[in-house]
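Student: Dropping in data_4.txt, with compact mmCIF, C-alpha atoms and all ligand atoms.
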# COMPACT_ATOMS: atom_id res chain seq x y z
CA MET A 28 0.00 0.00 0.00
CA ALA A 29 1.27 3.45 -0.88
CA LYS A 30 2.49 5.66 1.94
CA GLU A 31 -0.05 8.10 3.39
CA GLU A 32 1.20 11.56 4.34
CA TYR A 33 -0.90 14.03 6.33
CA PHE A 34 0.56 17.54 6.19
CA VAL A 35 -2.58 18.75 7.94
CA ASP A 36 -3.75 16.19 10.44
CA ASN A 37 -7.07 16.38 12.24
CA GLU A 38 -10.15 14.23 12.64
CA ARG A 39 -12.13 16.05 9.96
CA ILE A 40 -9.55 15.62 7.22
CA ARG A 41 -8.99 11.98 8.24
CA SER A 42 -12.68 11.18 8.05
CA PHE A 43 -12.96 12.88 4.63
CA ILE A 44 -10.00 10.90 3.27
CA GLU A 45 -11.47 7.70 4.71
CA THR A 46 -14.72 8.44 2.84
CA VAL A 47 -12.79 9.08 -0.39
CA LYS A 48 -10.88 5.81 -0.11
CA THR A 49 -13.94 3.73 0.81
CA THR A 50 -15.87 5.26 -2.09
CA ALA A 51 -12.96 4.73 -4.49
CA ASN A 52 -12.93 1.03 -3.57
CA GLU A 53 -16.59 0.78 -4.56
CA HIS A 54 -16.13 2.13 -8.09
CA GLU A 55 -13.98 1.32 -11.06
CA GLN A 56 -15.33 4.18 -13.19
CA VAL A 57 -14.53 7.82 -12.54
CA GLU A 58 -18.02 9.28 -13.14
CA PRO A 59 -19.88 7.29 -10.45
CA LEU A 60 -16.97 7.79 -8.06
CA LEU A 61 -17.16 11.57 -8.47
CA ALA A 62 -20.95 11.51 -8.21
CA ASP A 63 -20.68 9.79 -4.83
CA LEU A 64 -17.97 12.18 -3.64
CA GLU A 65 -19.91 15.34 -4.47
CA LYS A 66 -21.81 15.48 -1.19
CA PRO A 67 -18.85 14.90 1.18
CA PHE A 68 -16.67 17.25 -0.89
CA GLY A 69 -19.32 19.99 -0.84
CA GLU A 70 -19.64 19.62 2.93
CA LEU A 71 -15.87 19.95 3.34
CA LEU A 72 -15.87 23.21 1.38
CA THR A 73 -18.38 24.87 3.71
CA ASP A 74 -16.93 23.50 6.95
CA ASP A 75 -14.94 26.20 8.82
CA ASP A 76 -13.21 23.92 11.27
CA TRP A 77 -10.64 21.80 9.50
CA LEU A 78 -8.33 24.01 7.39
CA PRO A 79 -5.61 25.84 9.37
CA GLU A 80 -5.12 29.56 8.53
CA MET A 81 -1.67 28.97 7.08
CA TYR A 82 -3.10 26.91 4.22
CA GLN A 83 -5.59 29.65 3.30
CA LYS A 84 -2.87 32.27 2.83
CA LEU A 85 0.16 33.10 0.78
CA PRO A 86 3.38 32.07 2.51
CA PRO A 87 5.13 34.64 4.71
CA ASP A 88 7.91 36.69 3.01
CA ASP A 89 10.73 34.65 4.55
CA TYR A 90 9.16 31.28 3.59
CA GLU A 91 10.95 29.22 0.97
CA ASP A 92 8.13 28.57 -1.52
CA ARG A 93 8.94 25.44 -3.53
CA GLY A 94 5.93 25.77 -5.85
CA GLU A 95 6.09 26.72 -9.53
CA MET A 96 2.44 27.61 -10.19
CA GLY A 97 3.38 31.28 -10.40
CA GLU A 98 4.72 34.13 -8.37
CA ASP A 99 2.45 34.98 -5.46
CA ILE A 100 0.45 31.78 -5.91
CA ALA A 101 0.50 29.14 -3.20
CA GLN A 102 -0.32 25.48 -3.63
CA TRP A 103 -0.34 23.82 -0.20
CA LEU A 104 -0.27 20.04 -0.05
CA LEU A 105 -2.55 18.83 2.76
CA TYR A 106 -2.52 15.07 2.15
CA ARG A 107 -1.30 12.56 -0.36
CA GLU A 108 -1.13 8.83 -0.80
CA GLY A 109 1.78 7.90 -3.01
CA HIS A 110 1.05 8.77 -6.63
CA ASP A 111 -2.67 7.97 -6.34
CA LEU A 112 -4.37 10.69 -4.34
CA ALA A 113 -3.67 14.28 -3.31
CA LEU A 114 -5.60 16.97 -1.45
CA PHE A 115 -4.26 20.53 -1.67
CA THR A 116 -5.30 24.17 -1.59
CA LEU A 117 -4.59 26.82 -4.20
CA VAL A 118 -4.37 30.39 -2.90
CA LEU A 119 -4.41 33.30 -5.34
CA PRO A 120 -4.37 36.98 -4.38
CA PRO A 121 -6.91 39.38 -5.96
CA GLY A 122 -6.40 39.66 -9.72
CA ALA A 123 -3.84 36.83 -9.87
CA LYS A 124 -4.18 34.21 -12.59
CA THR A 125 -2.66 30.75 -12.99
CA PRO A 126 -1.14 29.66 -16.28
CA VAL A 127 -3.54 27.69 -18.49
CA HIS A 128 -2.76 24.11 -17.43
CA ASP A 129 -3.99 20.53 -17.51
CA HIS A 130 -4.16 17.93 -14.71
CA LEU A 131 -4.13 14.52 -16.42
CA ALA A 132 -6.11 13.03 -13.54
CA TRP A 133 -9.67 12.92 -12.25
CA GLY A 134 -10.54 15.49 -9.64
CA LEU A 135 -12.95 17.67 -7.73
CA VAL A 136 -12.12 21.36 -7.36
CA GLY A 137 -14.17 23.74 -5.25
CA ILE A 138 -14.11 27.12 -3.56
CA TYR A 139 -13.41 27.44 0.16
CA ASP A 140 -13.05 31.24 0.35
CA GLY A 141 -13.18 34.26 -1.96
CA GLU A 142 -14.35 34.05 -5.56
CA GLN A 143 -12.75 32.69 -8.72
CA ARG A 144 -13.34 32.67 -12.43
CA GLU A 145 -12.55 29.42 -14.20
CA ASP A 146 -11.80 29.55 -17.91
CA PHE A 147 -12.06 26.09 -19.46
CA TYR A 148 -10.39 25.11 -22.74
CA ARG A 149 -10.11 22.10 -24.97
CA ARG A 150 -7.47 21.14 -27.49
CA VAL A 151 -8.64 21.36 -31.08
CA ASN A 152 -5.56 20.18 -32.94
CA ASP A 153 -4.94 16.49 -33.42
CA ASP A 154 -3.13 15.33 -30.33
CA ASP A 155 -3.40 11.62 -31.02
CA HIS A 156 0.22 11.64 -31.95
CA TYR A 157 1.35 13.88 -29.15
CA HIS A 158 5.06 13.81 -28.56
CA PRO A 159 6.66 15.31 -25.42
CA ASP A 160 8.70 17.83 -27.36
CA ASP A 161 5.77 19.08 -29.46
CA GLU A 162 5.36 22.77 -28.86
CA TYR A 163 2.18 23.40 -30.82
CA ALA A 164 -1.25 23.22 -29.23
CA GLU A 165 -4.36 24.96 -30.42
CA LEU A 166 -6.92 25.63 -27.72
CA GLU A 167 -10.54 26.71 -27.85
CA LYS A 168 -12.18 28.31 -24.84
CA VAL A 169 -15.29 26.27 -24.07
CA ARG A 170 -16.77 28.06 -21.08
CA THR A 171 -16.21 30.42 -18.21
CA GLU A 172 -17.65 29.96 -14.75
CA GLN A 173 -17.86 32.35 -11.85
CA MET A 174 -17.56 30.47 -8.58
CA GLU A 175 -18.02 31.23 -4.90
CA ARG A 176 -17.80 29.30 -1.66
CA GLY A 177 -19.28 25.82 -1.87
CA ASP A 178 -19.29 25.72 -5.70
CA PHE A 179 -17.22 22.95 -7.28
CA TYR A 180 -16.63 21.16 -10.57
CA GLU A 181 -15.34 17.82 -11.77
CA LEU A 182 -12.24 17.07 -13.80
CA VAL A 183 -12.67 13.98 -15.95
CA PRO A 184 -9.86 14.06 -18.52
CA PRO A 185 -10.06 14.94 -21.31
CA ASN A 186 -13.24 16.82 -20.27
CA ASN A 187 -12.71 19.94 -18.16
CA ASP A 188 -9.05 19.07 -17.89
CA ILE A 189 -7.57 22.33 -19.19
CA HIS A 190 -8.25 25.60 -17.42
CA SER A 191 -6.92 28.75 -15.85
CA VAL A 192 -8.04 30.21 -12.54
CA THR A 193 -8.37 33.92 -11.74
CA THR A 194 -9.30 35.51 -8.41
CA THR A 195 -12.23 37.90 -8.86
CA SER A 196 -12.83 38.79 -5.19
CA THR A 197 -11.11 41.63 -3.33
CA GLU A 198 -9.68 39.08 -0.90
CA PRO A 199 -7.51 36.09 -1.91
CA SER A 200 -9.38 33.06 -3.24
CA VAL A 201 -8.81 29.63 -1.73
CA SER A 202 -9.81 26.52 -3.65
CA VAL A 203 -9.59 22.91 -2.48
CA HIS A 204 -8.43 20.25 -4.93
CA LEU A 205 -8.93 16.53 -4.60
CA LEU A 206 -7.06 14.74 -7.38
CA GLY A 207 -6.53 11.11 -8.31
CA ALA A 208 -2.77 11.66 -8.73
CA ASP A 209 0.09 13.49 -7.04
CA VAL A 210 -0.71 16.35 -9.39
CA GLY A 211 1.89 18.82 -8.05
CA CYS A 212 4.73 16.43 -8.80
CA ILE A 213 3.71 14.76 -12.07
CA GLU A 214 4.70 16.06 -15.48
CA ARG A 215 1.78 17.84 -17.11
CA HIS A 216 1.38 20.85 -19.41
CA ALA A 217 1.07 24.61 -19.40
CA PHE A 218 -0.37 26.36 -22.46
CA ASN A 219 -0.15 29.74 -24.08
CA PRO A 220 -3.44 29.89 -26.05
CA GLU A 221 -2.54 33.14 -27.87
CA GLU A 222 0.78 31.78 -29.14
CA LYS A 223 -0.65 28.26 -29.57
CA GLU A 224 2.15 26.85 -27.49
CA ILE A 225 2.36 23.95 -25.04
CA GLU A 226 5.18 23.23 -22.64
CA ARG A 227 5.98 20.62 -20.05
CA PHE A 228 5.00 21.72 -16.57
CA GLN A 229 5.54 20.58 -12.99
CA SER A 230 3.69 22.86 -10.59
CA GLY A 231 5.25 21.53 -7.40
CA TYR A 232 3.81 22.39 -3.98
CA THR A 233 4.60 25.39 -1.82
CA ASN A 234 5.42 23.28 1.24
CA ILE A 235 6.90 20.09 -0.22
CA GLU A 236 9.78 19.37 -2.55
CA CYS A 237 8.92 16.81 -5.24
CA ASP A 238 11.07 13.67 -5.31
CA VAL A 239 11.33 13.88 -9.09
CA THR A 240 12.14 16.81 -11.34
CA LEU A 241 11.26 17.03 -15.03
CA GLU A 242 13.52 14.76 -17.04
CA PRO A 243 15.48 16.72 -19.63
CA LEU A 244 14.40 15.83 -23.17
CA VAL A 245 16.87 13.72 -25.09
CA ASP A 246 17.74 15.00 -28.56
CA ASP A 247 17.44 12.37 -31.24
FE FE B 1 -6.02 23.42 -12.08
The structure in this file should be written as structure tokens.

Tutor:
Amino acid sequence: MAKEEYFVDNERIRSFIETVKTTANEHEQVEPLLADLEKPFGELLTDDDWLPEMYQKLPPDDYEDRGEMGEDIAQWLLYREGHDLALFTLVLPPGAKTPVHDHLAWGLVGIYDGEQREDFYRRVNDDDHYHPDDEYAELEKVRTEQMERGDFYELVPPNNDIHSVTTTSTEPSVSVHLLGADVGCIERHAFNPEEKEIERFQSGYTNIECDVTLEPLVDD
């Protein structure tokens, strides 16, 4: 069994993770799994008592932020189980925006505090023959959603898998992410829709160094 790591440890987070794991054992398909997790995830988002202040804020000035999501953006890892499961928060100050990125894993993402705009995209060029050193990706924006506390959405790759997040409130926004992978440490992609570019991306976590770094590409 993969190693469990609680970076925030209290009864509430343990009971939520227990529910996630029990539910995951009952389903082989992602859609019914996410459907069954909606209620407990929604309840977690509106519960004031489990998420310490530190994980709802940007790190203090003297903190060594190990994350790569962007300057002034925090991604705090709360829990993970090996490569299979991760729970983390994303904290963005007013007006801040993440790069357009994918996740390559199922997930539930919802708002704990503040307000966010989610811009969702899909790839429109043929990516059946995707190669890691391809740099061309054409994206089409498919929808925009304004979200506030308690709102959440599902990631079921390739649906909803590519987005950017912008804080629209005057206070920082805090979103909670439950993902079926160690999403901060895996290799995924960041996009520049205007330039039609894609690049390899490892977001990292603010509080944890990843064991692996992106492998350099080998020229052939
Ligand atoms: Fe994301």

Student: Nearest to ligand FE 1 (chain B): which of A:Tyr106, A:Tyr90, A:Tyr148, A:Tyr163 is it, counting all atoms listed in the file?

Tutor: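 Nearest candidate to ligand FE 1 (chain B) out of A:Tyr106, A:Tyr90, A:Tyr148, A:Tyr163: A:Tyr148.
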
Student: Out of A:Ser230, A:Gln56, A:Gln173, A:Asn37, which residue has the shortest atom-to-atom distance to ligand FE 1 (chain B) when counting only C-alpha atoms and all ligand atoms?

Tutor: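 With only C-alpha atoms and all ligand atoms as the atom set, the closest residue is A:Ser230.
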
Student: Let me make sure I understand: among A:Lys168, A:His130, A:Arg41, A:His54, which one has the smallest atom-to-atom distance to A:Gly211 if we use all atoms listed in the file?

Tutor: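 Distance minimum relative to A:Gly211 lands on A:His130.
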
Student: May I have a table of the residues of chain A lying at most 9 Å from ligand FE 1 (chain B), giving each one's closest pair of atoms and their distance in Å to one decimal, counting all atoms listed in the file, ordered by chain and ascending residue number, as a tab-separated table?

Tutor:
residue	atom	partner	partner_atom	distance
A:Leu117	CA	B:FE1	FE	8.7
A:Thr125	CA	B:FE1	FE	8.1
A:Pro126	CA	B:FE1	FE	9.0
A:Val127	CA	B:FE1	FE	8.1
A:His128	CA	B:FE1	FE	6.3
A:Asp129	CA	B:FE1	FE	6.5
A:His130	CA	B:FE1	FE	6.4
A:Val136	CA	B:FE1	FE	8.0
A:Asp188	CA	B:FE1	FE	7.9
A:Ile189	CA	B:FE1	FE	7.4
A:His190	CA	B:FE1	FE	6.2
A:Ser191	CA	B:FE1	FE	6.6
A:Val192	CA	B:FE1	FE	7.1
A:His204	CA	B:FE1	FE	8.2

Student: Excluding A:Leu64 and any residue of its chain fewer than 5 positions from it, enumerate the residues within 10 Å of it, using only C-alpha atoms, and give them as a count of residues only.

Tutor: 9

Student: Taking into account all atoms listed in the file, which residue in the set A:Leu78, A:Leu61, A:Leu182, A:Val169 is nearest to A:Phe115?

Tutor: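 Distance minimum relative to A:Phe115 lands on A:Leu78.
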